[in-house]
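Undergrad: Right, I'll just put the structure down here and ask away after.
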Amino acid sequence: MPFLSVATPRSMTNRAQLYYEDRTIEQARTIMFLHDWPFNRQEWAYPVALFSRGYRTVTVDLPGFGRSDQPGGLITYETLARDVGALSKVLNLNNVVVVGAGMGTGVALTYTRCFPRMVAGLVLIGPIA
């Protein structure tokens, strides 16, 4: 699966690799899953197996988790959301349903605030933000 180099001005201090998995179904609504602390994209294995039958599913290892690089500098919901936004632009994601669990809810809310035109819906599971 692919990696994306991210280094936006408000992102990680150093250029780093963000790992993601994209199960693409042409012209299908997209669901993006954001994991909880201290997990990674594999937290969503069961829901992705179900939803990928009729939806495009994108799972992300947030910086510092799973196969993504460790970020340098201060980590905030803002920097994590900007990294996810950079991925969204590269994958040309629009009208996305964003699903977040735990820490991922904070990232999902910040992502929605930073990129409102990309979001069609928001699902928050066990929000901590």
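Residue names in the structure tokens use chain letters A, B, ... in the order shown, residue numbers from 1 in each chain, and ligand numbers from 1 in the order shown.
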For Gly104 of chain A, please output as a compact mmCIF listing (two decimals) with C-alpha atoms, in the first residue's frame all residues within 12 Å (counting only C-alpha atoms; exclusion window: fewer than 2 positions along the same chain).

TA:
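Contents of around-v6.txt, as written:
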# COMPACT_ATOMS: atom_id res chain seq x y z
CA MET A 32 -12.47 7.86 5.72
CA PHE A 33 -11.62 6.18 9.03
CA LEU A 34 -9.41 7.90 11.66
CA HIS A 35 -8.14 5.70 14.49
CA ASP A 36 -7.96 6.12 18.25
CA TRP A 37 -4.89 6.40 20.48
CA PRO A 38 -2.72 4.20 20.57
CA PHE A 39 -4.01 2.17 17.63
CA ASN A 40 -3.54 2.40 13.85
CA ARG A 41 -5.60 1.87 10.68
CA GLU A 43 -8.48 -0.81 14.24
CA TRP A 44 -10.96 -0.46 11.36
CA THR A 59 -7.84 4.31 6.37
CA VAL A 60 -4.88 6.32 7.62
CA ASP A 61 -2.07 5.65 10.05
CA LEU A 62 -1.90 9.07 11.69
CA PRO A 63 1.65 10.43 12.12
CA PHE A 65 1.27 5.44 14.57
CA THR A 76 -1.80 18.93 17.68
CA TYR A 77 -5.20 18.10 16.25
CA GLU A 78 -4.53 20.93 13.81
CA LEU A 80 -2.87 15.92 12.25
CA ALA A 81 -5.93 17.32 10.44
CA VAL A 84 -5.09 14.20 6.58
CA VAL A 98 -15.35 11.02 8.13
CA VAL A 99 -15.45 8.42 10.93
CA GLY A 100 -13.31 8.98 14.00
CA ALA A 101 -12.86 7.06 17.24
CA GLY A 102 -11.41 8.49 20.46
CA GLY A 106 -10.61 15.33 17.59
CA VAL A 107 -8.79 14.97 14.28
CA ALA A 108 -12.12 14.49 12.45
CA LEU A 109 -13.66 17.63 14.03
CA THR A 110 -10.59 19.71 13.23
CA TYR A 111 -10.45 18.31 9.69
CA LEU A 122 -19.23 13.10 10.40
CA VAL A 123 -19.44 10.04 12.67
CA LEU A 124 -17.87 10.40 16.13
CA ILE A 125 -17.36 7.24 18.19
CA GLY A 126 -16.34 7.78 21.83
CA PRO A 127 -15.44 11.43 21.32
CA ILE A 128 -12.82 12.91 23.62
CA ALA A 129 -12.62 16.32 21.98

Undergrad: Which of segment 2-100 of chain A end up as alpha helix (DSSP H) when DSSP is run on this backbone - answer as a PyMOL selection string?

TA: chain A and resi 45-51+77-90

Undergrad: Using only C-alpha atoms, can you tell me which of A:Arg56, A:Gly66, A:Phe115, A:Phe51 comes closest to Lys89 of chain A?

TA: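 The closest residue to Lys89 of chain A is A:Phe115.
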
Undergrad: In chain A, what's strand (DSSP E) per DSSP? Answer as JSON, numbers by chain?

TA: {"A": [3, 4, 5, 6, 16, 17, 18, 19, 20, 21, 22, 23, 30, 31, 32, 33, 34, 56, 57, 58, 59, 60, 61, 96, 97, 98, 99, 100, 101, 119, 120, 121, 122, 123, 124, 125]}

Undergrad: What gap, in Å, lies between atom CA of Gln70 of chain A and atom CA of Ala45 of chain A?

TA: 22.6 Å

Undergrad: Show which residues sit within 12 Å of Leu91 of chain A, as a VMD selection string. Count only C-alpha atoms, and ignore same-chain residues fewer than 3 positions away.

TA: chain A and resid 2 to 4 20 to 24 30 32 56 to 58 84 to 88 94 96 118

Undergrad: So that I can check the surroundings of Arg53 of chain A, please list as a PyMOL selection string every protein, DNA and RNA residue that reaches within 9 Å of it, counting only C-alpha atoms and ignoring chain neighbours fewer than 4 positions away.

TA: chain A and resi 25+48-49

Undergrad: Restricting it to all heavy atoms, dump the selection as a PDB file, in the first residue's frame.

TA:
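Now in out.pdb:
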ATOM      1  N   ILE A  25     -13.621   2.065  -5.093  1.00  0.00           N
ATOM      2  CA  ILE A  25     -14.702   1.609  -5.945  1.00  0.00           C
ATOM      3  C   ILE A  25     -15.127   2.841  -6.734  1.00  0.00           C
ATOM      4  O   ILE A  25     -15.479   3.869  -6.154  1.00  0.00           O
ATOM      5  CB  ILE A  25     -15.893   1.063  -5.133  1.00  0.00           C
ATOM      6  CG1 ILE A  25     -15.467  -0.181  -4.365  1.00  0.00           C
ATOM      7  CG2 ILE A  25     -17.079   0.783  -6.042  1.00  0.00           C
ATOM      8  CD1 ILE A  25     -16.552  -0.753  -3.476  1.00  0.00           C
ATOM      9  N   VAL A  48     -14.129  -1.836   7.651  1.00  0.00           N
ATOM     10  CA  VAL A  48     -13.664  -1.651   6.269  1.00  0.00           C
ATOM     11  C   VAL A  48     -14.040  -2.855   5.420  1.00  0.00           C
ATOM     12  O   VAL A  48     -14.477  -2.714   4.272  1.00  0.00           O
ATOM     13  CB  VAL A  48     -12.137  -1.377   6.226  1.00  0.00           C
ATOM     14  CG1 VAL A  48     -11.585  -1.540   4.820  1.00  0.00           C
ATOM     15  CG2 VAL A  48     -11.854   0.021   6.756  1.00  0.00           C
ATOM     16  N   ALA A  49     -13.908  -4.063   5.973  1.00  0.00           N
ATOM     17  CA  ALA A  49     -14.291  -5.268   5.224  1.00  0.00           C
ATOM     18  C   ALA A  49     -15.765  -5.215   4.837  1.00  0.00           C
ATOM     19  O   ALA A  49     -16.143  -5.616   3.734  1.00  0.00           O
ATOM     20  CB  ALA A  49     -13.996  -6.521   6.044  1.00  0.00           C
TER      21      ALA A  49
END

Undergrad: Between A:Arg82, A:Arg67, A:Gly54, A:Val97, which one has atoms that come closest to Gln17 of chain A, using only C-alpha atoms?

TA: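 So, comparing all the options, the nearest one is A:Arg67.
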
Undergrad: Of the candidates A:Asn95, A:Gln42, A:Thr79, A:Ile31, which shows the shortest atom-to-atom distance to Ala120 of chain A, using only C-alpha atoms?

TA: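 Closest to Ala120 of chain A, using only C-alpha atoms: A:Asn95.
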
Undergrad: Measuring between only C-alpha atoms, which one of A:Met103, A:Leu50, A:Ala28, A:Cys114 shows the shortest distance to Asp83 of chain A?

TA: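 That would be A:Cys114, the residue with the smallest distance to Asp83 of chain A.
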
Undergrad: So the first atom is atom CA of Ile75 of chain A and the second is atom CA of Pro47 of chain A; what is the distance between them in Å, to one decimal place?

TA: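 Interatomic distance here is 27.4 Å.
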